[in-house]
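> Provided below: run-v5.txt, containing compact mmCIF, C-alpha atoms.
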# COMPACT_ATOMS: atom_id res chain seq x y z
CA MET A 1 43.48 88.54 0.95
CA VAL A 2 39.72 88.85 1.20
CA THR A 3 38.56 85.22 1.08
CA GLU A 4 41.83 83.32 0.50
CA CYS A 5 45.60 83.69 0.34
CA GLY A 6 45.85 82.63 -3.28
CA ILE A 7 47.41 79.63 -4.97
CA PRO A 8 51.17 79.23 -4.33
CA PRO A 9 53.58 78.66 -7.24
CA GLY A 10 53.23 75.04 -8.32
CA GLY A 11 50.09 74.64 -6.22
CA GLN A 12 46.47 74.10 -7.10
CA TYR A 13 42.99 74.75 -5.79
CA THR A 14 39.60 73.46 -6.90
CA TYR A 15 36.79 76.01 -6.83
CA MET A 16 33.37 74.46 -6.28
CA ILE A 17 30.72 76.92 -7.49
CA ASP A 18 27.09 76.40 -6.55
CA THR A 19 25.33 78.32 -9.32
CA GLY A 20 21.90 77.85 -7.70
CA GLU A 21 19.39 79.89 -9.66
CA GLN A 22 22.06 81.97 -11.41
CA HIS A 23 22.41 82.00 -15.15
CA GLY A 24 23.91 84.28 -17.75
CA LEU A 25 27.33 85.68 -18.61
CA TYR A 26 30.16 86.04 -16.10
CA PHE A 27 33.93 85.81 -16.19
CA ILE A 28 36.56 84.22 -14.01
CA HIS A 29 39.69 86.24 -13.24
CA GLY A 30 42.56 86.57 -10.83
CA HIS A 31 42.49 89.24 -8.14
CA TYR A 32 46.13 89.55 -7.11
CA GLY A 33 47.71 92.80 -8.26
CA LEU A 34 47.16 93.23 -12.00
CA GLU A 35 47.40 89.57 -13.02
CA MET A 36 43.94 89.74 -14.60
CA SER A 37 45.19 92.30 -17.11
CA GLU A 38 48.02 89.96 -18.11
CA GLY A 39 45.66 87.21 -19.22
CA LEU A 40 44.38 85.44 -16.09
CA ARG A 41 40.75 85.80 -17.18
CA ALA A 42 38.17 83.77 -19.06
CA PRO A 43 34.43 83.92 -19.88
CA PHE A 44 32.07 81.83 -17.75
CA ILE A 45 28.57 81.07 -19.07
CA ILE A 46 25.85 79.53 -16.90
CA GLN A 47 23.09 78.16 -19.12
CA GLU A 48 19.46 78.48 -18.11
CA LYS A 49 17.78 75.28 -16.99
CA GLU A 50 14.91 76.19 -19.30
CA GLN A 51 15.55 78.61 -22.14
CA SER A 52 13.42 81.72 -21.58
CA THR A 53 14.21 83.42 -24.91
CA GLU A 54 14.07 81.66 -28.26
CA TYR A 55 17.16 81.85 -30.45
CA ASP A 56 18.95 79.59 -32.92
CA GLU A 57 22.61 80.12 -32.13
CA ASP A 58 24.87 81.44 -29.37
CA ILE A 59 27.79 83.74 -30.22
CA LEU A 60 30.42 84.93 -27.73
CA LEU A 61 32.23 88.25 -28.16
CA THR A 62 34.99 89.00 -25.63
CA LEU A 63 36.58 92.45 -25.61
CA GLU A 64 39.75 93.43 -23.79
CA ASP A 65 42.60 95.94 -23.82
CA TRP A 66 46.21 94.83 -24.12
CA GLY A 67 49.15 97.00 -23.08
CA GLN A 68 52.46 97.44 -24.84
CA GLN A 69 54.29 95.80 -21.93
CA PRO A 70 53.27 93.63 -18.95
CA GLU A 71 51.27 95.65 -16.45
CA GLY A 72 53.60 94.64 -13.62
CA GLU A 73 56.60 96.09 -15.46
CA LEU A 74 54.62 99.21 -16.33
CA ILE A 75 53.70 99.77 -12.68
CA GLU A 76 57.32 99.42 -11.58
CA ARG A 77 58.38 101.95 -14.22
CA LEU A 78 55.66 104.41 -13.25
CA LYS A 79 56.76 104.28 -9.60
CA GLN A 80 59.87 106.18 -10.68
CA VAL A 81 57.93 108.95 -12.45
CA SER A 82 56.53 112.15 -10.98
CA THR A 83 52.85 111.76 -10.09
CA ASP A 84 52.13 114.91 -12.12
CA SER A 85 53.66 113.53 -15.34
CA LEU A 86 52.49 109.93 -15.55
CA PRO A 87 52.46 108.95 -19.26
CA ASN A 88 49.42 107.55 -21.04
CA ASP A 89 49.53 103.88 -22.02
CA TYR A 90 47.71 103.63 -25.35
CA LYS A 91 46.54 100.07 -25.66
CA THR A 92 45.42 97.71 -28.38
CA GLY A 93 41.93 96.23 -28.34
CA LEU A 94 41.49 92.47 -28.61
CA VAL A 95 38.35 90.86 -30.04
CA ASN A 96 37.98 87.24 -28.93
CA GLY A 97 41.65 87.31 -27.94
CA ILE A 98 42.91 88.51 -31.35
CA ASN A 99 44.27 91.94 -32.27
CA GLY A 100 41.19 93.94 -33.29
CA ASN A 101 43.02 95.26 -36.35
CA ILE A 102 42.75 91.74 -37.80
CA SER A 103 39.18 91.68 -39.04
CA GLN A 104 37.27 88.57 -37.98
CA THR A 105 34.14 87.15 -39.57
CA VAL A 106 30.94 86.19 -37.77
CA GLN A 107 28.72 83.97 -39.90
CA PHE A 108 25.00 84.84 -40.15
CA GLU A 109 22.30 82.88 -41.95
CA CYS A 110 19.19 84.61 -43.18
CA ASN A 111 16.17 84.68 -40.86
CA ARG A 112 17.97 83.08 -37.91
CA ARG A 113 17.96 84.56 -34.39
CA TYR A 114 21.29 84.98 -32.65
CA ARG A 115 22.09 85.49 -29.01
CA ILE A 116 25.32 87.47 -28.88
CA ARG A 117 26.97 87.50 -25.46
CA VAL A 118 29.33 90.47 -25.13
CA LEU A 119 31.69 91.04 -22.21
CA ASN A 120 34.45 93.49 -21.41
CA ILE A 121 37.17 91.57 -19.62
CA GLY A 122 39.74 94.35 -20.00
CA LEU A 123 41.47 96.51 -17.42
CA ASP A 124 40.61 100.15 -17.99
CA GLN A 125 39.16 100.72 -21.48
CA SER A 126 35.48 100.71 -22.42
CA PHE A 127 34.07 99.23 -25.63
CA LYS A 128 31.15 100.12 -27.88
CA VAL A 129 29.58 97.52 -30.20
CA GLN A 130 27.21 98.19 -33.11
CA ILE A 131 25.82 96.18 -36.03
CA PRO A 132 24.48 98.75 -38.52
CA GLY A 133 21.38 97.63 -40.37
CA HIS A 134 20.37 95.26 -37.57
CA THR A 135 18.36 95.64 -34.39
CA MET A 136 19.60 94.53 -30.99
CA HIS A 137 17.35 93.67 -28.06
CA VAL A 138 19.09 93.46 -24.67
CA ILE A 139 17.88 90.41 -22.73
CA GLU A 140 20.54 90.18 -20.00
CA ALA A 141 22.93 92.42 -18.09
CA ASP A 142 25.54 91.06 -15.64
CA GLY A 143 23.68 87.77 -15.20
CA VAL A 144 20.26 89.40 -14.69
CA THR A 145 17.60 88.54 -17.29
CA THR A 146 15.91 91.71 -18.50
CA LYS A 147 12.75 92.56 -20.32
CA PRO A 148 13.74 92.98 -23.99
CA LEU A 149 15.02 96.51 -24.69
CA ARG A 150 15.67 97.66 -28.25
CA VAL A 151 19.03 99.42 -28.64
CA ASP A 152 21.30 100.58 -31.46
CA GLY A 153 24.50 99.57 -29.72
CA LEU A 154 26.21 98.55 -26.47
CA ASP A 155 28.71 100.45 -24.33
CA LEU A 156 30.54 98.25 -21.83
CA ALA A 157 32.82 99.42 -19.04
CA PRO A 158 35.36 96.94 -17.63
CA GLY A 159 33.55 94.07 -15.92
CA GLN A 160 30.19 94.63 -17.61
CA ARG A 161 28.36 92.02 -19.69
CA TYR A 162 25.31 91.98 -21.95
CA SER A 163 23.35 89.46 -23.99
CA VAL A 164 21.46 90.72 -27.02
CA ILE A 165 19.14 89.06 -29.52
CA VAL A 166 19.87 89.97 -33.13
CA GLN A 167 17.47 88.94 -35.90
CA ALA A 168 19.29 88.13 -39.13
CA LEU A 169 17.98 89.75 -42.29
CA GLU A 170 15.98 88.03 -45.03
CA SER A 171 18.49 88.69 -47.82
CA ASP A 172 22.14 87.69 -48.25
CA GLU A 173 22.75 90.38 -50.87
CA PHE A 174 25.18 92.22 -48.58
CA ASN A 175 27.54 91.60 -45.72
CA TYR A 176 27.56 94.05 -42.80
CA GLY A 177 29.91 95.59 -40.30
CA LEU A 178 30.26 94.57 -36.68
CA ASN A 179 31.84 97.74 -35.37
CA VAL A 180 33.92 97.73 -32.16
CA THR A 181 35.25 100.96 -30.67
CA MET A 182 37.67 101.06 -27.73
CA HIS A 183 37.53 104.32 -25.77
CA ALA A 184 38.33 105.86 -22.39
CA ASP A 185 36.96 109.06 -20.86
CA PHE A 186 40.27 109.76 -19.11
CA LEU A 187 42.18 110.01 -22.40
CA ASP A 188 41.89 113.03 -24.67
CA PRO A 189 41.22 112.01 -28.29
CA VAL A 190 44.42 111.42 -30.28
CA PRO A 191 43.94 110.36 -33.93
CA GLY A 192 45.08 106.79 -34.41
CA LEU A 193 45.59 106.20 -30.68
CA THR A 194 42.29 106.83 -28.93
CA PRO A 195 39.53 106.08 -29.58
CA ARG A 196 40.45 103.06 -31.67
CA TYR A 197 38.15 101.44 -34.23
CA TYR A 198 38.09 97.73 -34.95
CA PRO A 199 35.72 96.84 -37.84
CA GLN A 200 34.69 93.19 -37.90
CA VAL A 201 32.39 91.52 -40.45
CA ILE A 202 28.92 89.96 -40.29
CA GLU A 203 29.07 87.62 -43.29
CA TYR A 204 25.87 86.40 -44.92
CA ARG A 205 27.53 85.26 -48.12
CA LYS A 206 31.21 84.89 -48.96
CA GLY A 207 32.22 87.53 -51.46
CA ALA A 208 29.09 89.65 -51.03
CA PRO A 209 29.74 93.42 -51.00
CA MET A 210 29.74 95.31 -47.72
CA ARG A 211 26.68 97.44 -47.02
CA GLU A 212 27.88 100.89 -46.07
CA TYR A 213 26.08 103.21 -43.64
CA ALA A 214 26.71 106.84 -42.81
CA GLN A 215 28.21 107.26 -39.35
CA GLN A 216 25.80 108.62 -36.74
CA SER A 217 26.67 110.49 -33.58
CA ASP A 218 26.30 108.59 -30.34
CA ASP A 219 23.69 111.08 -29.15
CA ALA A 220 21.42 110.05 -32.02
CA LEU A 221 21.53 106.36 -31.03
CA VAL A 222 19.81 104.35 -28.31
CA TRP A 223 22.14 102.73 -25.76
CA PRO A 224 21.22 100.54 -22.76
CA ASP A 225 21.02 102.51 -19.53
CA ASP A 226 20.48 101.40 -15.95
CA PHE A 227 17.37 103.58 -15.79
CA THR A 228 15.75 102.17 -18.93
CA LEU A 229 16.70 98.52 -18.44
CA GLU A 230 14.23 96.50 -16.39
CA PRO A 231 14.66 93.02 -14.85
CA ARG A 232 12.29 90.34 -16.12
CA ASP A 233 11.67 89.10 -12.57
CA GLU A 234 10.23 92.15 -10.84
CA CYS A 235 11.36 93.27 -7.39
CA GLU A 236 10.33 96.49 -5.67
CA MET A 237 12.89 98.99 -4.45
CA GLY A 238 13.66 98.24 -0.83
CA SER A 239 13.71 101.05 1.71
CA ALA A 240 17.10 101.73 3.29
CA ASP A 241 17.65 100.67 6.91
CA ARG A 242 21.25 101.82 6.74
CA VAL A 243 23.06 104.27 4.48
CA ILE A 244 26.81 103.85 3.91
CA GLU A 245 28.60 106.76 2.25
CA LEU A 246 31.67 105.98 0.15
CA ASN A 247 33.58 108.95 -1.24
CA LYS A 248 36.25 108.37 -3.86
CA ARG A 249 39.49 109.91 -2.59
CA ASN A 250 43.13 109.85 -3.53
CA TYR A 251 46.60 110.63 -2.24
CA LEU A 252 49.36 111.87 -4.53
CA PRO A 253 52.74 110.82 -3.13
CA GLY A 254 54.76 113.03 -5.49
CA MET A 255 56.54 110.13 -7.13
CA GLY A 256 54.80 107.10 -8.61
CA LEU A 257 51.18 106.13 -8.81
CA PRO A 258 48.45 107.73 -6.70
CA TYR A 259 46.72 105.83 -3.92
CA TYR A 260 42.94 105.63 -4.15
CA GLY A 261 40.21 104.73 -1.69
CA LEU A 262 36.52 104.88 -0.90
CA GLY A 263 36.93 106.41 2.54
CA ASN A 264 39.65 107.64 4.85
CA THR A 265 42.18 104.94 4.00
CA SER A 266 43.41 103.19 0.86
CA TYR A 267 42.62 99.48 0.73
CA ALA A 268 45.60 97.13 0.96
CA SER A 269 46.02 93.43 1.64
CA VAL A 270 46.50 92.33 5.24
CA ARG A 271 48.27 89.19 6.54
CA VAL A 272 45.18 87.09 7.26
CA PRO A 273 42.36 86.77 4.73
CA THR A 274 39.45 88.80 6.04
CA MET A 275 37.16 85.77 5.87
CA LEU A 276 39.47 83.80 8.18
CA SER A 277 39.63 86.70 10.64
CA ALA A 278 35.82 86.84 10.64
CA LEU A 279 35.76 83.11 11.36
CA THR A 280 38.29 83.10 14.20
CA MET A 281 37.82 86.36 16.12
CA GLY A 282 34.63 85.47 18.00
CA ASP A 283 32.56 88.46 19.12
CA LEU A 284 35.34 90.84 18.07
CA ALA A 285 34.61 89.92 14.44
CA ARG A 286 31.76 92.43 14.59
CA ASP A 287 34.25 95.26 15.15
CA PRO A 288 35.86 96.54 11.90
CA LEU A 289 38.99 97.58 13.82
CA VAL A 290 40.20 94.01 14.27
CA TYR A 291 40.63 93.51 10.53
CA GLY A 292 43.16 96.34 10.26
CA PRO A 293 42.51 99.85 8.91
CA GLN A 294 43.90 99.02 5.46
CA SER A 295 41.29 96.26 5.01
CA SER A 296 38.55 98.95 4.89
CA VAL A 297 36.00 96.57 6.43
CA ILE A 298 32.34 97.45 6.93
CA VAL A 299 30.35 94.96 9.03
CA LEU A 300 26.73 94.41 7.98
CA ASN A 301 23.86 93.13 10.10
CA TYR A 302 21.86 90.17 8.86
CA MET A 303 18.83 91.09 6.70
CA GLU A 304 19.24 94.86 6.91
CA ASN A 305 18.50 96.85 3.75
CA VAL A 306 21.72 98.62 2.83
CA GLU A 307 22.17 101.66 0.62
CA LEU A 308 25.64 102.44 -0.71
CA VAL A 309 26.08 106.06 -1.77
CA VAL A 310 29.26 106.23 -3.87
CA ARG A 311 30.52 109.69 -4.83
CA ASN A 312 33.15 110.74 -7.33
CA GLY A 313 34.20 114.39 -7.55
CA MET A 314 36.93 113.78 -10.12
CA ASN A 315 37.19 113.69 -13.90
CA ARG A 316 37.27 109.96 -14.50
CA SER A 317 34.43 107.46 -14.32
CA HIS A 318 34.80 104.17 -12.43
CA PRO A 319 33.07 100.81 -13.05
CA MET A 320 32.05 99.78 -9.53
CA HIS A 321 31.64 96.06 -8.91
CA VAL A 322 30.17 94.24 -5.89
CA HIS A 323 31.11 90.61 -5.29
CA SER A 324 28.63 87.91 -4.18
CA ARG A 325 25.40 89.63 -5.24
CA VAL A 326 23.50 91.96 -7.53
CA PHE A 327 22.22 95.32 -6.31
CA GLN A 328 19.44 97.68 -7.28
CA VAL A 329 20.55 100.84 -9.10
CA VAL A 330 18.25 103.41 -7.49
CA GLU A 331 19.72 106.85 -8.28
CA ARG A 332 22.40 108.67 -10.22
CA GLY A 333 23.21 112.37 -10.12
CA PRO A 334 25.81 115.17 -10.10
CA TRP A 335 28.57 115.58 -7.53
CA GLY A 336 31.40 118.10 -7.55
CA ASP A 337 32.05 120.99 -9.91
CA ALA A 338 31.84 119.49 -13.37
CA GLN A 339 31.34 122.82 -15.11
CA ALA A 340 34.53 124.26 -13.69
CA MET A 341 36.40 121.35 -15.30
CA GLY A 342 34.57 121.74 -18.59
CA LYS A 343 32.68 118.48 -18.10
CA ARG A 344 29.06 117.56 -18.66
CA VAL A 345 26.84 117.81 -15.59
CA VAL A 346 25.40 114.38 -14.78
CA PRO A 347 21.58 114.57 -14.91
CA LEU A 348 19.61 113.41 -11.89
CA GLN A 349 17.91 110.06 -12.56
CA VAL A 350 15.79 108.08 -10.11
CA ALA A 351 14.80 104.45 -10.72
CA ARG A 352 11.24 103.25 -11.03
CA PRO A 353 10.27 102.15 -7.50
CA ASN A 354 8.39 99.03 -8.59
CA ASN A 355 11.30 97.39 -10.45
CA PRO A 356 14.72 99.11 -10.52
CA MET A 357 17.49 97.56 -12.57
CA ARG A 358 19.66 94.97 -10.83
CA ARG A 359 23.22 94.12 -11.82
CA ASP A 360 26.69 93.67 -10.28
CA THR A 361 28.76 96.32 -12.11
CA VAL A 362 27.68 99.94 -12.60
CA VAL A 363 29.50 103.03 -13.87
CA LEU A 364 30.17 105.72 -11.28
CA PRO A 365 30.23 108.80 -13.52
CA GLU A 366 32.86 111.51 -13.37
CA PHE A 367 31.63 114.31 -11.12
CA GLY A 368 28.67 112.16 -10.12
CA TYR A 369 27.24 109.78 -7.55
CA ILE A 370 25.27 106.55 -7.57
CA LYS A 371 23.00 104.96 -4.99
CA LEU A 372 22.85 101.17 -4.80
CA ARG A 373 20.62 99.06 -2.57
CA PHE A 374 20.57 95.43 -1.50
CA LYS A 375 19.39 93.26 1.36
CA ALA A 376 22.14 91.72 3.50
CA ASP A 377 20.67 88.24 3.09
CA LEU A 378 23.92 86.31 2.58
CA PRO A 379 25.00 85.62 6.17
CA GLY A 380 28.71 84.99 6.36
CA ALA A 381 29.52 86.52 2.98
CA VAL A 382 32.80 88.44 2.81
CA SER A 383 32.62 90.57 -0.33
CA ILE A 384 34.79 93.25 -1.83
CA VAL A 385 33.32 96.39 -3.43
CA HIS A 386 35.82 97.86 -5.87
CA CYS A 387 36.59 99.79 -9.00
CA HIS A 388 37.02 97.24 -11.80
CA THR A 389 40.13 98.92 -13.22
CA GLU A 390 43.75 99.19 -12.11
CA HIS A 391 42.42 101.39 -9.30
CA LEU A 392 41.67 98.25 -7.28
CA ALA A 393 45.42 97.56 -7.13
CA GLN A 394 45.80 101.18 -5.99
CA GLY A 395 43.32 100.78 -3.14
CA MET A 396 39.88 101.80 -4.43
CA ALA A 397 37.89 99.23 -2.48
CA VAL A 398 36.06 98.36 0.73
CA VAL A 399 35.17 94.94 2.13
CA LEU A 400 31.71 93.98 3.39
CA VAL A 401 31.62 91.38 6.19
CA GLU A 402 28.08 90.14 6.56
CA ALA A 403 26.82 88.70 9.88
CA PRO A 404 30.19 87.23 10.97
CA ARG A 405 28.71 85.33 13.93
CA VAL A 406 26.51 83.39 11.50
CA LEU A 407 29.61 82.66 9.45
CA GLN A 408 31.33 81.23 12.52
CA GLN A 409 28.41 78.88 13.16
CA ASN A 410 28.02 77.53 9.64
CA ALA A 411 31.19 77.84 7.58
CA ARG A 412 33.45 74.94 6.70
CA VAL A 413 36.79 76.06 5.29
CA PRO A 414 38.36 73.70 2.73
CA GLN A 415 41.61 72.24 4.01
CA ALA A 416 43.28 73.09 0.70
CA LEU A 417 42.61 76.79 1.29
CA LEU A 418 44.35 76.64 4.67
CA ASP A 419 47.22 74.62 3.20
CA ASN A 420 47.75 77.26 0.51
CA CYS A 421 47.96 79.99 3.14
CA ARG A 422 50.55 78.03 5.11
CA ALA A 423 52.57 77.34 1.95
CA LEU A 424 52.67 81.09 1.26
CA GLY A 425 53.70 81.86 4.85
CA PHE A 426 50.46 83.51 5.97
CA PRO A 427 48.68 82.84 9.28
CA ILE A 428 45.20 81.30 9.11
CA SER A 429 43.60 82.85 12.19
CA GLY A 430 43.53 85.99 14.28
CA ASN A 431 43.06 89.61 13.38
CA GLY A 432 44.33 91.23 10.20
CA ALA A 433 47.92 90.89 11.44
CA GLY A 434 47.50 87.30 12.66
CA ASN A 435 47.49 88.37 16.32
CA GLN A 436 44.81 88.33 18.98
CA GLY A 437 42.56 91.17 20.08
CA TYR A 438 43.48 94.58 18.74
CA ASP A 439 47.22 93.93 18.46
CA LEU A 440 47.93 94.77 14.81
CA THR A 441 51.70 94.61 15.11
CA GLY A 442 53.15 93.45 11.81
CA LEU A 443 50.86 95.39 9.51
CA PRO A 444 52.38 98.29 7.58
CA PRO A 445 50.90 101.73 8.24
CA ALA A 446 47.63 102.39 6.45
CA ILE A 447 47.70 105.08 3.73
CA ALA A 448 45.49 107.95 4.92
CA LEU A 449 43.52 109.83 2.26
Can you turn what I pasted into structure tokens?

Amino acid sequence: MVTECGIPPGGQYTYMIDTGEQHGLYFIHGHYGLEMSEGLRAPFIIQEKEQSTEYDEDILLTLEDWGQQPEGELIERLKQVSTDSLPNDYKTGLVNGINGNISQTVQFECNRRYRIRVLNIGLDQSFKVQIPGHTMHVIEADGVTTKPLRVDGLDLAPGQRYSVIVQALESDEFNYGLNVTMHADFLDPVPGLTPRYYPQVIEYRKGAPMREYAQQSDDALVWPDDFTLEPRDECEMGSADRVIELNKRNYLPGMGLPYYGLGNTSYASVRVPTMLSALTMGDLARDPLVYGPQSSVIVLNYMENVELVVRNGMNRSHPMHVHSRVFQVVERGPWGDAQAMGKRVVPLQVARPNNPMRRDTVVLPEFGYIKLRFKADLPGAVSIVHCHTEHLAQGMAVVLVEAPRVLQQNARVPQALLDNCRALGFPISGNGAGNQGYDLTGLPPAIAL
């Protein structure tokens, strides 16, 4: 209920996407409850108008986790369990939609250059990818073309995407491994359950022996990092006109799943899509109160430079995603008492001021903070900022409403969007409850954190 009511059963909706100057790897997915984790997701590639990097072939590698039962059923079961004894759900990793335990073959020809597009479209597990004996050069992250960066492997949190160039070898004497590891920092290692290893095959010649390599520790390898990656198109770090502090918080109800949030309340859907409230509330649209406390709205002024400071004092990392735009990753550092929990202290890192990395999904480390900056140059945009795991369904989100008066002057709402709202029984105007002014009668109480 941010920009639309959704598509009713038996209904349809056509999404017209103006890609503009965008290119790279994205994915389309549902945003109601946990439907994405049950398969409503697909890769989306926008080709460059003119190819900026030479390669001979494009290869797509989708990675996802798959639970033992539908996520909706799991959530209902967990609601009946004490918050202090929620069980772990050990999942299976899928590689290109197939159980990772079934080894798949990727064909390589000697001396060819391959662009491998890798994306994590899963719910809560991260994935590492390595091709021993080969060199990867990152050339794109989250739709942003980067200066080539040599790495030994990739580590992708949910929602993150990379493109790498891999140069095939000169000899077909051996075949090689394409090693996929599914892992999660919130699960203690359990042999056979987590982490899970899914060896795939880079095949140069059918029947050739596999080239074996000794396993190296992750610390000995080079991985892409937001403070070593650099966008190809340079852009200086903008100074902050406004700083917005978002602290990860939770509420433990005693029974069932915790509620999460990025402020004083847990995000929850309201009765009117926030975009329609911004369109129909006139001058009041500039007041976050009219959207309802559970909508967690922050109103931005047109063209101000915004810094989001997101803090996490708990022992689980969170992939934070911002809709509608990319942001500059300007700082990462420690927050909370990691040592008391036996965790690594996050080192302080500050981006290069002349060209910080830009992307749309970044990992908020456990017991750490991140600072993100962007210019509010999308007047009328209504964008959600959220954790790209099941924590979104539990309220870990805020909504940015950007220059709502400009939206009112320029926006044209498709009739089909309004028809879908009516078919689902939702109002199409008014405040978050569908009323006028500050009358929020009809909204359930917001969950305070």
> If you count only C-alpha atoms, which residues fall within 12 Å of Ala214 in chain A, apart from same-chain ones fewer than 6 positions away, as a PyMOL selection string?
chain A and resi 132-133+177
> Please write the residues from the selection above to a file, keeping C-alpha atoms, as a PDB file, in the frame of the given file.

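So result.pdb came out as:
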ATOM      1  CA  PRO A 132      24.480  98.750 -38.520  1.00  0.00           C
ATOM      2  CA  GLY A 133      21.380  97.630 -40.370  1.00  0.00           C
ATOM      3  CA  GLY A 177      29.910  95.590 -40.300  1.00  0.00           C
TER       4      GLY A 177
END
> Quick check, in Å to one decimal: how far apart do CA of Tyr114 in chain A and CA of Gln167 in chain A lie?
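Going from CA of Tyr114 in chain A over to CA of Gln167 in chain A, I get 6.4 Å.
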> May I ask which of the residues A:Phe186, A:Phe367, A:Tyr162, A:Tyr260 is the closest one to Ile116 in chain A, counting only C-alpha atoms?
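Smallest distance to Ile116 in chain A is found for A:Tyr162.
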> So that I can check the surroundings of Arg117 in chain A, please list as a VMD selection string every protein, DNA and RNA residue that reaches within 7 Å of it, counting all atoms listed in the file and ignoring chain neighbours fewer than 6 positions away.
chain A and resid 59 to 61 162 to 164
> A:His318, A:His323, A:Lys206, A:Arg405: which is nearest Thr389 in chain A, counting all atoms listed in the file?
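Using all atoms listed in the file, Thr389 in chain A sits closest to A:His318.
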> Name the closest residue to Gln47 in chain A among the candidates A:Gly143, A:Pro231, A:Glu109, A:Asn247; distances are taken between atoms, counting all atoms listed in the file.
A:Gly143
> Would you compute the distance between CA of Leu372 in chain A and CA of Ala157 in chain A? Give it in Å to one decimal.
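It comes out at 17.5 Å.
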> Mind listing as a list in words all residues within 10 Å of (21.5, 104.8, -27.5), counting all atoms listed in the file?
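Applying the cut-off with all atoms listed in the file, one gets Arg150, Val151, Asp152, Gly153, Leu154, Asp155, Ser217, Asp218, Asp219, Ala220, Leu221, Val222, Trp223, Pro224 and Asp225 of chain A.
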> So, counting only C-alpha atoms, which residue among A:Phe426, A:Tyr438, A:Tyr259, A:Tyr26 is closest to Gly6 in chain A?
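Comparing A:Phe426, A:Tyr438, A:Tyr259, A:Tyr26 against Gly6 in chain A, the winner is A:Phe426.
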> Interatomic distance between CA of Val299 in chain A and CA of Val382 in chain A?
9.3 Å
> May I ask which of the residues A:Gln104, A:Asp185, A:Leu193, A:Gly72 is the closest one to Thr92 in chain A, counting only C-alpha atoms?
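The answer is A:Leu193, which sits nearest to Thr92 in chain A.
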> Taking (13.9, 95.5, -8.7) in the file's coordinates, which residues come within 6 Å, counting all atoms listed in the file, written as a ChimeraX atom specification?
/A:234-237,355-357
> For a quick check of understanding, using all atoms listed in the file, which of A:Leu262, A:Glu331, A:Lys248, A:Lys375 has the smallest distance to Asn312 in chain A?
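Nearest candidate to Asn312 in chain A out of A:Leu262, A:Glu331, A:Lys248, A:Lys375: A:Lys248.
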> Would you pick out the contacts of Arg332 in chain A at 9 Å or less, using only C-alpha atoms, so that residues sharing its chain but fewer than 2 positions from it are not included, and give the list as a list in words?
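Contacts, in chain order: Val329, Val330, Pro334, Val346, Pro347, Leu348, Gln349, Val350, Ala351, Leu364, Pro365, Gly368, Tyr369, Ile370 and Lys371 of chain A.
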